[in-house]
>>> print(open('input14.tsv').read())   # TSV, C-alpha atoms
chain	number	residue	atom	x	y	z
C	1	MET	CA	10.54	21.48	21.15
C	2	ILE	CA	8.79	22.74	18.04
C	3	SER	CA	6.09	25.19	19.09
C	4	SER	CA	5.18	27.06	15.91
C	5	THR	CA	3.35	26.14	12.70
C	6	SER	CA	5.82	28.37	10.84
C	7	ASN	CA	8.64	25.94	11.63
C	8	SER	CA	10.11	24.59	8.37
C	9	GLN	CA	9.85	20.97	9.54
C	10	ILE	CA	6.18	21.37	10.38
C	11	LYS	CA	5.50	23.03	7.04
C	12	ASN	CA	7.18	20.16	5.23
C	13	LEU	CA	5.38	17.58	7.35
C	14	THR	CA	2.07	19.17	6.38
C	15	GLN	CA	3.06	18.99	2.72
C	16	LEU	CA	3.88	15.29	3.05
C	17	GLN	CA	0.56	14.66	4.77
C	18	THR	CA	-1.58	16.46	2.20
C	19	LYS	CA	0.16	16.53	-1.18
C	20	ALA	CA	1.01	13.52	-3.33
C	21	SER	CA	3.35	15.72	-5.39
C	22	ALA	CA	5.47	16.51	-2.31
C	23	ARG	CA	5.63	12.84	-1.36
C	24	LYS	CA	6.66	11.86	-4.88
C	25	LYS	CA	9.30	14.58	-5.14
C	26	GLN	CA	10.92	13.78	-1.79
C	27	LYS	CA	10.29	10.02	-1.99
C	28	LEU	CA	8.98	10.23	1.57
C	29	PHE	CA	5.64	9.59	3.23
C	30	VAL	CA	4.09	9.85	6.69
C	31	VAL	CA	2.59	7.28	9.04
C	32	GLU	CA	0.89	7.90	12.38
C	33	GLY	CA	0.53	5.83	15.52
C	34	ILE	CA	2.80	3.60	17.56
C	35	LYS	CA	1.42	0.33	16.20
C	36	ILE	CA	2.20	1.04	12.57
C	37	PHE	CA	5.45	2.75	13.63
C	38	MET	CA	6.61	-0.59	15.04
C	39	GLU	CA	5.95	-2.17	11.62
C	40	ILE	CA	8.27	0.20	9.72
C	41	PRO	CA	11.58	-1.32	8.58
C	42	ALA	CA	13.97	0.57	10.85
C	43	ASP	CA	16.37	1.55	8.06
C	44	ARG	CA	13.57	3.47	6.30
C	45	ILE	CA	12.73	5.76	9.23
C	46	ARG	CA	13.92	9.26	8.40
C	47	GLN	CA	12.39	11.34	11.22
C	48	VAL	CA	10.02	10.86	14.17
C	49	TYR	CA	7.83	13.56	15.71
C	50	ILE	CA	6.65	13.05	19.29
C	51	SER	CA	3.79	15.04	20.83
C	52	GLU	CA	4.58	16.58	24.20
C	53	ASP	CA	1.42	14.80	25.43
C	54	VAL	CA	3.18	11.43	25.26
C	55	SER	CA	6.82	12.47	25.73
C	56	ALA	CA	6.67	11.40	29.39
C	57	ASP	CA	5.20	7.96	28.56
C	58	LYS	CA	8.17	5.75	29.43
C	59	VAL	CA	6.67	2.62	27.89
C	60	LEU	CA	5.93	4.28	24.54
C	61	ILE	CA	9.26	6.11	24.39
C	62	GLY	CA	11.00	2.86	25.34
C	63	LYS	CA	9.41	1.11	22.36
C	64	ILE	CA	10.55	3.89	20.03
C	65	LYS	CA	14.12	3.78	21.36
C	66	GLU	CA	14.22	0.01	21.00
C	67	LYS	CA	13.01	0.27	17.41
C	68	LEU	CA	15.61	2.89	16.54
C	69	LYS	CA	18.55	0.87	17.93
C	70	THR	CA	19.02	-0.92	14.60
C	71	THR	CA	19.26	2.38	12.69
C	72	GLY	CA	22.54	3.28	14.33
C	73	LYS	CA	21.04	6.62	15.34
C	74	LYS	CA	20.21	7.80	18.82
C	75	TYR	CA	16.69	8.78	19.89
C	76	GLU	CA	17.85	12.37	20.31
C	77	GLU	CA	19.15	12.50	16.73
C	78	ILE	CA	16.04	11.28	14.95
C	79	CYS	CA	13.15	12.24	17.26
C	80	VAL	CA	11.73	15.74	17.66
C	81	GLU	CA	9.27	16.80	20.36
C	82	VAL	CA	6.32	18.90	19.16
C	83	ALA	CA	3.90	21.02	21.20
C	84	SER	CA	0.56	19.25	21.52
C	85	ASN	CA	-1.45	21.89	19.67
C	86	ILE	CA	1.02	21.94	16.78
C	87	PHE	CA	1.06	18.15	16.65
C	88	LYS	CA	-2.74	18.07	16.40
C	89	SER	CA	-2.66	20.59	13.56
C	90	VAL	CA	-0.50	18.32	11.38
C	91	SER	CA	-2.10	15.02	12.39
C	92	ASP	CA	-4.39	13.32	9.89
C	93	THR	CA	-6.37	11.51	12.60
C	94	VAL	CA	-9.23	12.68	14.82
C	95	THR	CA	-7.49	11.41	17.95
C	96	PRO	CA	-3.70	11.64	17.46
C	97	GLN	CA	-1.64	8.94	19.15
C	98	GLY	CA	1.35	11.21	19.59
C	99	VAL	CA	3.75	9.61	17.10
C	100	ILE	CA	4.31	10.61	13.47
C	101	ALA	CA	7.11	9.09	11.41
C	102	VAL	CA	8.55	10.20	8.08
C	103	VAL	CA	9.45	7.12	6.05
C	104	GLU	CA	11.46	6.53	2.89
C	105	MET	CA	9.58	5.02	-0.06
C	106	ARG	CA	10.90	1.89	-1.69
C	107	ASP	CA	11.27	1.40	-5.42
C	108	GLU	CA	9.96	-1.97	-6.62
C	109	ARG	CA	10.13	-3.50	-10.10
C	110	ILE	CA	7.99	-6.32	-11.46
C	111	SER	CA	11.15	-8.07	-12.67
C	112	SER	CA	12.14	-8.78	-9.05
C	113	VAL	CA	8.98	-10.85	-8.58
C	114	LEU	CA	9.89	-13.10	-11.49
C	115	ASN	CA	13.03	-14.29	-9.71
C	116	GLU	CA	11.07	-15.86	-6.86
C	117	ASN	CA	10.68	-19.64	-6.69
C	118	GLY	CA	7.34	-21.45	-6.75
C	119	ASP	CA	3.92	-20.48	-8.04
C	120	LYS	CA	3.22	-16.77	-7.81
C	121	THR	CA	0.13	-14.59	-7.79
C	122	VAL	CA	0.33	-10.95	-8.85
C	123	LEU	CA	-2.65	-8.70	-8.19
C	124	ILE	CA	-3.01	-6.09	-10.94
C	125	LEU	CA	-4.95	-2.90	-10.25
C	126	ASP	CA	-6.26	-0.75	-13.10
C	127	SER	CA	-7.06	2.81	-11.99
C	128	LEU	CA	-8.41	1.95	-8.53
C	129	ARG	CA	-9.33	5.27	-6.90
C	130	ASP	CA	-10.74	4.68	-3.43
C	131	PRO	CA	-8.20	4.92	-0.55
C	132	GLY	CA	-10.18	2.52	1.65
C	133	ASN	CA	-10.35	-0.09	-1.08
C	134	MET	CA	-6.65	0.25	-1.80
C	135	GLY	CA	-5.63	-0.13	1.82
C	136	THR	CA	-7.90	-3.12	2.33
C	137	ILE	CA	-6.62	-4.78	-0.84
C	138	ILE	CA	-2.96	-4.39	0.18
C	139	ARG	CA	-3.70	-5.82	3.62
C	140	THR	CA	-5.65	-8.72	2.12
C	141	ALA	CA	-2.88	-9.35	-0.43
C	142	GLU	CA	-0.48	-10.05	2.41
C	143	GLY	CA	-2.95	-12.41	4.06
C	144	ALA	CA	-3.53	-14.27	0.81
C	145	GLY	CA	0.18	-14.67	0.16
C	146	VAL	CA	0.23	-12.58	-3.00
C	147	SER	CA	3.72	-12.12	-4.45
C	148	ALA	CA	3.21	-8.50	-5.49
C	149	VAL	CA	0.63	-5.82	-6.22
C	150	LEU	CA	1.10	-4.17	-9.61
C	151	MET	CA	-0.78	-0.96	-10.39
C	152	ASN	CA	-0.82	1.89	-12.88
C	153	LYS	CA	-0.12	5.50	-11.96
C	154	GLU	CA	-3.83	6.33	-12.29
C	155	CYS	CA	-4.49	4.43	-9.06
C	156	VAL	CA	-4.91	6.35	-5.81
C	157	ASP	CA	-1.59	7.26	-4.19
C	158	ILE	CA	-0.66	4.32	-1.95
C	159	TYR	CA	1.17	6.75	0.35
C	160	ASN	CA	-1.99	8.71	1.05
C	161	PRO	CA	-2.32	8.64	4.88
C	162	LYS	CA	-5.75	7.00	4.64
C	163	VAL	CA	-4.28	4.19	2.53
C	164	THR	CA	-1.25	3.58	4.70
C	165	ARG	CA	-3.37	3.57	7.85
C	166	SER	CA	-5.83	1.00	6.48
C	167	THR	CA	-3.06	-1.37	5.37
C	168	MET	CA	-2.26	-1.94	9.07
C	169	GLY	CA	1.44	-2.28	8.25
C	170	SER	CA	1.10	-4.51	5.19
C	171	ILE	CA	2.39	-1.66	3.00
C	172	PHE	CA	5.84	-2.41	4.45
C	173	ARG	CA	5.71	-6.13	3.66
C	174	VAL	CA	3.92	-6.51	0.32
C	175	PRO	CA	5.97	-5.64	-2.78
C	176	ILE	CA	4.04	-2.86	-4.54
C	177	VAL	CA	5.00	-1.91	-8.10
C	178	ILE	CA	3.75	1.37	-9.54
C	179	SER	CA	3.93	0.77	-13.27
C	180	GLU	CA	4.97	3.32	-15.86
C	181	ASN	CA	3.22	1.19	-18.50
C	182	LEU	CA	0.77	-1.36	-17.13
C	183	LYS	CA	0.20	-3.11	-20.45
C	184	GLU	CA	3.93	-3.64	-20.96
C	185	ASP	CA	4.36	-5.04	-17.46
C	186	ILE	CA	1.43	-7.42	-17.98
C	187	ASP	CA	3.01	-8.53	-21.25
C	188	MET	CA	6.23	-9.17	-19.32
C	189	LEU	CA	4.33	-11.38	-16.89
C	190	LYS	CA	2.73	-13.27	-19.76
C	191	GLY	CA	6.13	-13.73	-21.38
C	192	ASN	CA	7.27	-15.38	-18.16
C	193	GLY	CA	4.47	-17.92	-18.02
C	194	PHE	CA	1.78	-16.00	-16.14
C	195	LYS	CA	-1.87	-16.47	-17.08
C	196	ILE	CA	-3.85	-13.28	-16.77
C	197	PHE	CA	-7.41	-13.37	-15.43
C	198	ALA	CA	-9.38	-10.12	-15.51
C	199	GLY	CA	-12.48	-9.57	-13.40
C	200	HIS	CA	-15.14	-8.53	-15.91
C	201	LEU	CA	-18.94	-8.52	-16.07
C	202	ASN	CA	-18.75	-10.27	-19.45
C	203	GLY	CA	-16.52	-13.04	-18.11
C	204	THR	CA	-17.37	-16.61	-17.21
C	205	ASP	CA	-17.54	-17.83	-13.61
C	206	TYR	CA	-14.01	-18.13	-12.22
C	207	ASP	CA	-14.65	-21.56	-10.72
C	208	ARG	CA	-15.04	-22.97	-14.25
C	209	HIS	CA	-11.41	-22.26	-15.06
C	210	PRO	CA	-9.11	-25.20	-14.29
C	211	ASP	CA	-6.14	-23.01	-15.26
C	212	PHE	CA	-6.70	-20.64	-12.34
C	213	CYS	CA	-3.51	-21.92	-10.74
C	214	GLY	CA	0.24	-21.79	-11.27
C	215	ASN	CA	1.62	-18.33	-12.01
C	216	VAL	CA	-1.44	-16.10	-12.11
C	217	GLY	CA	-2.13	-12.41	-12.63
C	218	ILE	CA	-5.51	-11.17	-11.37
C	219	VAL	CA	-6.79	-7.84	-12.73
C	220	ILE	CA	-9.21	-5.67	-10.74
C	221	GLY	CA	-10.56	-2.51	-12.38
C	222	ASN	CA	-11.78	0.93	-11.43
C	223	GLU	CA	-14.70	1.04	-8.98
C	224	ALA	CA	-17.01	2.87	-11.39
C	225	ASN	CA	-15.82	1.85	-14.85
C	226	GLY	CA	-14.16	-1.51	-14.38
C	227	ILE	CA	-11.13	-2.56	-16.41
C	228	SER	CA	-10.12	-0.46	-19.39
C	229	ASP	CA	-10.48	-2.07	-22.82
C	230	GLU	CA	-6.71	-1.93	-23.36
C	231	ILE	CA	-5.99	-3.90	-20.19
C	232	ALA	CA	-8.92	-6.28	-20.71
C	233	GLU	CA	-7.44	-7.22	-24.09
C	234	THR	CA	-4.26	-8.43	-22.39
C	235	ALA	CA	-6.18	-11.03	-20.38
C	236	ASP	CA	-6.09	-14.72	-21.25
C	237	ASN	CA	-9.52	-15.07	-19.63
C	238	LEU	CA	-12.27	-12.73	-18.51
C	239	ILE	CA	-13.80	-14.04	-15.30
C	240	ARG	CA	-16.61	-13.05	-12.99
C	241	ILE	CA	-17.69	-13.97	-9.48
C	242	PRO	CA	-20.97	-15.92	-9.56
C	243	MET	CA	-23.73	-14.11	-7.67
C	244	SER	CA	-27.33	-14.67	-6.73
C	245	GLY	CA	-30.19	-12.18	-6.68
C	246	LYS	CA	-30.04	-8.93	-8.62
C	247	VAL	CA	-26.49	-7.99	-7.64
C	248	GLU	CA	-24.38	-7.20	-10.70
C	249	SER	CA	-21.01	-6.63	-9.09
C	250	LEU	CA	-19.15	-6.53	-5.78
C	251	ASN	CA	-17.02	-3.91	-4.10
C	252	ALA	CA	-13.53	-3.91	-5.65
C	253	ALA	CA	-11.81	-4.90	-2.41
C	254	VAL	CA	-14.27	-7.74	-1.80
C	255	ALA	CA	-13.89	-9.03	-5.36
C	256	ALA	CA	-10.11	-8.85	-5.11
C	257	ALA	CA	-10.18	-10.78	-1.81
C	258	ILE	CA	-12.32	-13.59	-3.23
C	259	LEU	CA	-10.07	-14.04	-6.27
C	260	MET	CA	-6.81	-13.78	-4.32
C	261	TYR	CA	-7.92	-16.45	-1.89
C	262	GLU	CA	-9.17	-18.63	-4.72
C	263	ALA	CA	-5.70	-18.43	-6.27
C	264	ARG	CA	-4.23	-19.31	-2.87
C	265	SER	CA	-6.49	-22.35	-2.53
C	266	ARG	CA	-5.49	-23.57	-6.00
C	267	ARG	CA	-1.82	-23.32	-5.02
>>> encode(input="input14.tsv", output="structure tokens")
Amino acid sequence: MISSTSNSQIKNLTQLQTKASARKKQKLFVVEGIKIFMEIPADRIRQVYISEDVSADKVLIGKIKEKLKTTGKKYEEICVEVASNIFKSVSDTVTPQGVIAVVEMRDERISSVLNENGDKTVLILDSLRDPGNMGTIIRTAEGAGVSAVLMNKECVDIYNPKVTRSTMGSIFRVPIVISENLKEDIDMLKGNGFKIFAGHLNGTDYDRHPDFCGNVGIVIGNEANGISDEIAETADNLIRIPMSGKVESLNAAVAAAILMYEARSRR
């Protein structure tokens, strides 16, 4: 059992919880809780930390052992028990559930999306900064049947614990591409028959566009500043969500949800 905060594993776990640079360097991230643990592809589980508070819970431990069967590793090889006070010190939640997993990141490319059959929708995020919005958008993207989420590196780190928690497991099922050059990747989509629609205050109401179907890219911009001029210029159409009253714009996650489901209904 680990019983000291000076333990090297605990120090590294804290780094992975709190620092995007550590996550990026190691290509690892952390998730907490048994529910999201059960959503992790088993081959991506690197390490599991179990609080002594729940180590005697036969049902919970049974679920973990069952999950790990497909990894070819035994529970004793991949799971480490941690003293309850130490576990709480590294947990990112107010009420820890007693399970923290270290997970391998996956490396996605937009080119892989182009090989899929049928009409595709790609959600494109330009410098989205709010963790709650990001997590909600990824979760909604799965529900709306989006083929992939494409974002620039200026977006909030998708492996931030607040983001991963709010995706409710969708982060493991939705292809997420972190672009080195968002404009070039959008141009690649356009070169492969995608029509790009950017949410913009100067756009026309999206329901007036008969072309909002087929292979579609939907751009959502930064919460405060919207879409950058460079990315807006790549769009085939600037669109807006029609609204009543004095409301000028909607929350980024809400706007993304409306447009993703509109694309789904057109399909």
>>> atom_distance(input="input14.tsv", atom1="atom CA of Ala256 of chain C", atom2="atom CA of Gly221 of chain C")
9.7 Å
>>> residues_around(input="input14.tsv", residues="segment 139-143 of chain C", least_positions_apart="4", cutoff="7 Å", atoms="all atoms listed in the file", output="list of chain:residue names")
C:Gly135, C:Thr167, C:Met168, C:Ser170, C:Val174, C:Ala257
>>> residues_around(input="input14.tsv", residues="segment 36-43 of chain C", least_positions_apart="4", cutoff="9 Å", atoms="only C-alpha atoms", output="ChimeraX atom specification")
/C:31-32,63-64,67-72,99-101,103-104,164-165,168-170,172-173
>>> residues_around(input="input14.tsv", residues="Gly132 of chain C", least_positions_apart="5", cutoff="7 Å", atoms="only C-alpha atoms", output="list in words")
Lys162, Val163 and Ser166 of chain C
>>> atom_distance(input="input14.tsv", atom1="atom CA of Val54 of chain C", atom2="atom CA of Phe87 of chain C")
11.1 Å
>>> residues_around(input="input14.tsv", residues="segment 260-265 of chain C", least_positions_apart="4", cutoff="9 Å", atoms="only C-alpha atoms", output="number ranges by chain")
C: 121-123, 140-141, 143-146, 206-207, 212-214, 216, 218, 255-256
>>> atom_distance(input="input14.tsv", atom1="atom CA of Ser51 of chain C", atom2="atom CA of Met1 of chain C")
9.3 Å
>>> residues_around(input="input14.tsv", residues="segment 198-204 of chain C", least_positions_apart="6", cutoff="12 Å", atoms="all atoms listed in the file", output="NGL selection string")
:C and (122-126 or 186 or 212 or 216-223 or 225-243 or 247-260)
>>> closest_residue(input="input14.tsv", among="C:Glu154, C:Asn133, C:Ser127, C:Ile110", to="Glu184 of chain C", atoms="only C-alpha atoms")
C:Ile110
>>> closest_residue(input="input14.tsv", among="C:Leu16, C:Ile2, C:Ala148, C:Cys79", to="Pro161 of chain C", atoms="all atoms listed in the file")
C:Leu16
>>> closest_residue(input="input14.tsv", among="C:Val113, C:Ala20, C:Met134, C:Ile171", to="Phe194 of chain C", atoms="only C-alpha atoms")
C:Val113
>>> closest_residue(input="input14.tsv", among="C:Thr14, C:Thr5, C:Lys35, C:Arg106", to="Leu60 of chain C", atoms="only C-alpha atoms")
C:Lys35
>>> closest_residue(input="input14.tsv", among="C:Val94, C:Ile10, C:Ile34, C:Val156", to="Lys65 of chain C", atoms="only C-alpha atoms")
C:Ile34
>>> closest_residue(input="input14.tsv", among="C:Lys190, C:Glu66, C:Met105, C:Phe197", to="Ile178 of chain C", atoms="only C-alpha atoms")
C:Met105
>>> axis_aligned_box(input="input14.tsv", around="segment 131-145 of chain C", padding_each_side="3 Å", output="lines of an AutoDock Vina configuration file")
center_x = -5.1
center_y = -4.9
center_z = 1.1
size_x = 16.5
size_y = 25.6
size_z = 11.9
